[in-house]
Amino acid sequence: MAKRPQRRARRQPPAPPKKGGIPRQGLAIAAVLAVILLAGLWFMLGGEKPLPVPAPRTADGKVVVIEFSDYG
Amino acid sequence: MQAALGRLRLEFAGKIHFEARDFPLRDLTLRAAEAVRCAADQGKGEEMRAQVFGGQAGWSASPAPDPIWTGYARGLGLNVEKWGGCVRAEFHRKAIEADRDLGVRMGVNATPTIFIGKRRVDGAAAFERLAEMFRAELQGN
């Protein structure tokens, strides 16, 4: 009697080791939040800021005189 | 106007804080402002300003005023190469535009416009009028 070929037991691929720490989704959300925060800071601190309208007097009481002129 | 303001600054020295702001209405005068600011970088802003205002009739009619401004720069003893590089690079363009934006926010729509404290003078004015307004402002009237 012929021997039935023995089936080799299929090897299951080893399960990826479980990583501790922050899940990927959490990292992505944190990255997006960081970008938003940095953009906000750039606008507040480093972006183009318009000149403030000068006060009519300086801190030491001098009258501020401003001339807006065109050379033409 | 420049003479009246110059006199005001002299007469009220110590009581006045003067700021000259650019409000260019045309591209040509924006470039003139650039020429003045680049001269100021070398400590000759006031002198260049006087030259550019004084020679207005000449350069504003010229299709290419740069050689005229270069002549002013040379006459003032500036490092012309450095000054020219500054002008060509439009180094001060953003600052000039910021001045103009400030003027717009303050309601300026023509030049010259002078603010003396809270008071405003539209158009050219004689020294006496400016001085009268300055005194009133000084007294808090």
# chains A, B, ... in the order shown; residues from 1 in each chain; ligands from 1
$ interface_residues --of "chain A" --to "chain B" --cutoff "8 Å" --atoms "only C-alpha atoms" --output "NGL selection string"
:A and (50-53 or 55-58 or 61-72)
$ write_last_selection --atoms "C-alpha atoms" --output "mmCIF file, in the first residue's frame"
data_model
loop_
_atom_site.group_PDB
_atom_site.id
_atom_site.type_symbol
_atom_site.label_atom_id
_atom_site.label_comp_id
_atom_site.auth_asym_id
_atom_site.auth_seq_id
_atom_site.Cartn_x
_atom_site.Cartn_y
_atom_site.Cartn_z
ATOM 1 C CA PRO A 50 1.820 95.484 9.647
ATOM 2 C CA LEU A 51 3.370 98.540 11.221
ATOM 3 C CA PRO A 52 1.461 99.701 14.279
ATOM 4 C CA VAL A 53 -0.306 103.032 14.017
ATOM 5 C CA ALA A 55 0.688 107.023 19.182
ATOM 6 C CA PRO A 56 0.378 110.832 19.053
ATOM 7 C CA ARG A 57 3.033 111.162 21.750
ATOM 8 C CA THR A 58 6.175 109.287 22.601
ATOM 9 C CA GLY A 61 6.088 113.309 25.907
ATOM 10 C CA LYS A 62 7.363 114.388 22.502
ATOM 11 C CA VAL A 63 4.749 115.139 19.864
ATOM 12 C CA VAL A 64 4.913 112.593 17.053
ATOM 13 C CA VAL A 65 5.007 114.209 13.624
ATOM 14 C CA ILE A 66 4.682 111.890 10.653
ATOM 15 C CA GLU A 67 5.091 112.957 7.082
ATOM 16 C CA PHE A 68 3.787 110.688 4.354
ATOM 17 C CA SER A 69 5.393 111.764 1.137
ATOM 18 C CA ASP A 70 5.935 110.687 -2.406
ATOM 19 C CA TYR A 71 9.027 111.736 -4.304
ATOM 20 C CA GLY A 72 7.045 112.399 -7.438
#
$ select_by_dssp --residues "stretch 51-103 of chain B" --states "alpha helix (DSSP H)" --output "VMD selection string"
chain B and resid 51 to 54 56 to 60 66 to 75 80 to 88 93 to 103
$ atom_distance --atom1 "atom CA of B:Glu90" --atom2 "atom CA of B:Glu46"
19.2 Å
$ select_by_dssp --residues "stretch 93-128 of chain B" --states "strand (DSSP E or B)" --output "list in words"
Thr113, Ile114, Phe115, Ile116, Arg119, Arg120, Val121 and Asp122 of chain B
$ atom_distance --atom1 "atom CA of B:Glu128" --atom2 "atom CA of B:Ala4"
8.3 Å
$ atom_distance --atom1 "atom CA of B:Glu81" --atom2 "atom CA of B:Ala40"
14.6 Å
$ residues_around --residues "B:Lys82" --least-positions-apart "4" --cutoff "12 Å" --atoms "only C-alpha atoms" --output "MDAnalysis selection string"
chainID B and resid 35 38:39 41:42 70 73:74 77:78 86:89 91
$ decode --residues "stretch 44-56 of chain B" --atoms "N, CA and C atoms" --output "PDB file, in the first residue's frame"
ATOM      1  N   LYS B  44      23.553 108.542   4.730  1.00  0.00           N
ATOM      2  CA  LYS B  44      23.299 109.775   3.980  1.00  0.00           C
ATOM      3  C   LYS B  44      21.838 109.867   3.528  1.00  0.00           C
ATOM      4  N   GLY B  45      20.952 109.365   4.368  1.00  0.00           N
ATOM      5  CA  GLY B  45      19.541 109.355   4.010  1.00  0.00           C
ATOM      6  C   GLY B  45      18.955 110.747   3.866  1.00  0.00           C
ATOM      7  N   GLU B  46      19.193 111.587   4.832  1.00  0.00           N
ATOM      8  CA  GLU B  46      18.638 112.953   4.810  1.00  0.00           C
ATOM      9  C   GLU B  46      19.160 113.720   3.589  1.00  0.00           C
ATOM     10  N   GLU B  47      20.451 113.560   3.332  1.00  0.00           N
ATOM     11  CA  GLU B  47      21.072 114.277   2.218  1.00  0.00           C
ATOM     12  C   GLU B  47      20.508 113.791   0.877  1.00  0.00           C
ATOM     13  N   MET B  48      20.366 112.489   0.771  1.00  0.00           N
ATOM     14  CA  MET B  48      19.847 111.919  -0.478  1.00  0.00           C
ATOM     15  C   MET B  48      18.385 112.323  -0.667  1.00  0.00           C
ATOM     16  N   ARG B  49      17.668 112.344   0.436  1.00  0.00           N
ATOM     17  CA  ARG B  49      16.255 112.737   0.394  1.00  0.00           C
ATOM     18  C   ARG B  49      16.137 114.165  -0.152  1.00  0.00           C
ATOM     19  N   ALA B  50      17.002 115.032   0.360  1.00  0.00           N
ATOM     20  CA  ALA B  50      16.992 116.425  -0.085  1.00  0.00           C
ATOM     21  C   ALA B  50      17.328 116.503  -1.574  1.00  0.00           C
ATOM     22  N   GLN B  51      18.284 115.708  -2.003  1.00  0.00           N
ATOM     23  CA  GLN B  51      18.689 115.713  -3.411  1.00  0.00           C
ATOM     24  C   GLN B  51      17.548 115.213  -4.300  1.00  0.00           C
ATOM     25  N   VAL B  52      16.935 114.119  -3.875  1.00  0.00           N
ATOM     26  CA  VAL B  52      15.875 113.524  -4.700  1.00  0.00           C
ATOM     27  C   VAL B  52      14.656 114.458  -4.760  1.00  0.00           C
ATOM     28  N   PHE B  53      14.314 115.051  -3.624  1.00  0.00           N
ATOM     29  CA  PHE B  53      13.212 116.028  -3.645  1.00  0.00           C
ATOM     30  C   PHE B  53      13.594 117.248  -4.489  1.00  0.00           C
ATOM     31  N   GLY B  54      14.808 117.701  -4.309  1.00  0.00           N
ATOM     32  CA  GLY B  54      15.260 118.903  -5.020  1.00  0.00           C
ATOM     33  C   GLY B  54      15.347 118.711  -6.526  1.00  0.00           C
ATOM     34  N   GLY B  55      15.717 117.512  -6.940  1.00  0.00           N
ATOM     35  CA  GLY B  55      15.899 117.264  -8.370  1.00  0.00           C
ATOM     36  C   GLY B  55      14.700 116.620  -9.037  1.00  0.00           C
ATOM     37  N   GLN B  56      13.590 116.629  -8.310  1.00  0.00           N
ATOM     38  CA  GLN B  56      12.365 115.973  -8.773  1.00  0.00           C
ATOM     39  C   GLN B  56      11.999 116.297 -10.228  1.00  0.00           C
TER      40      GLN B  56
END
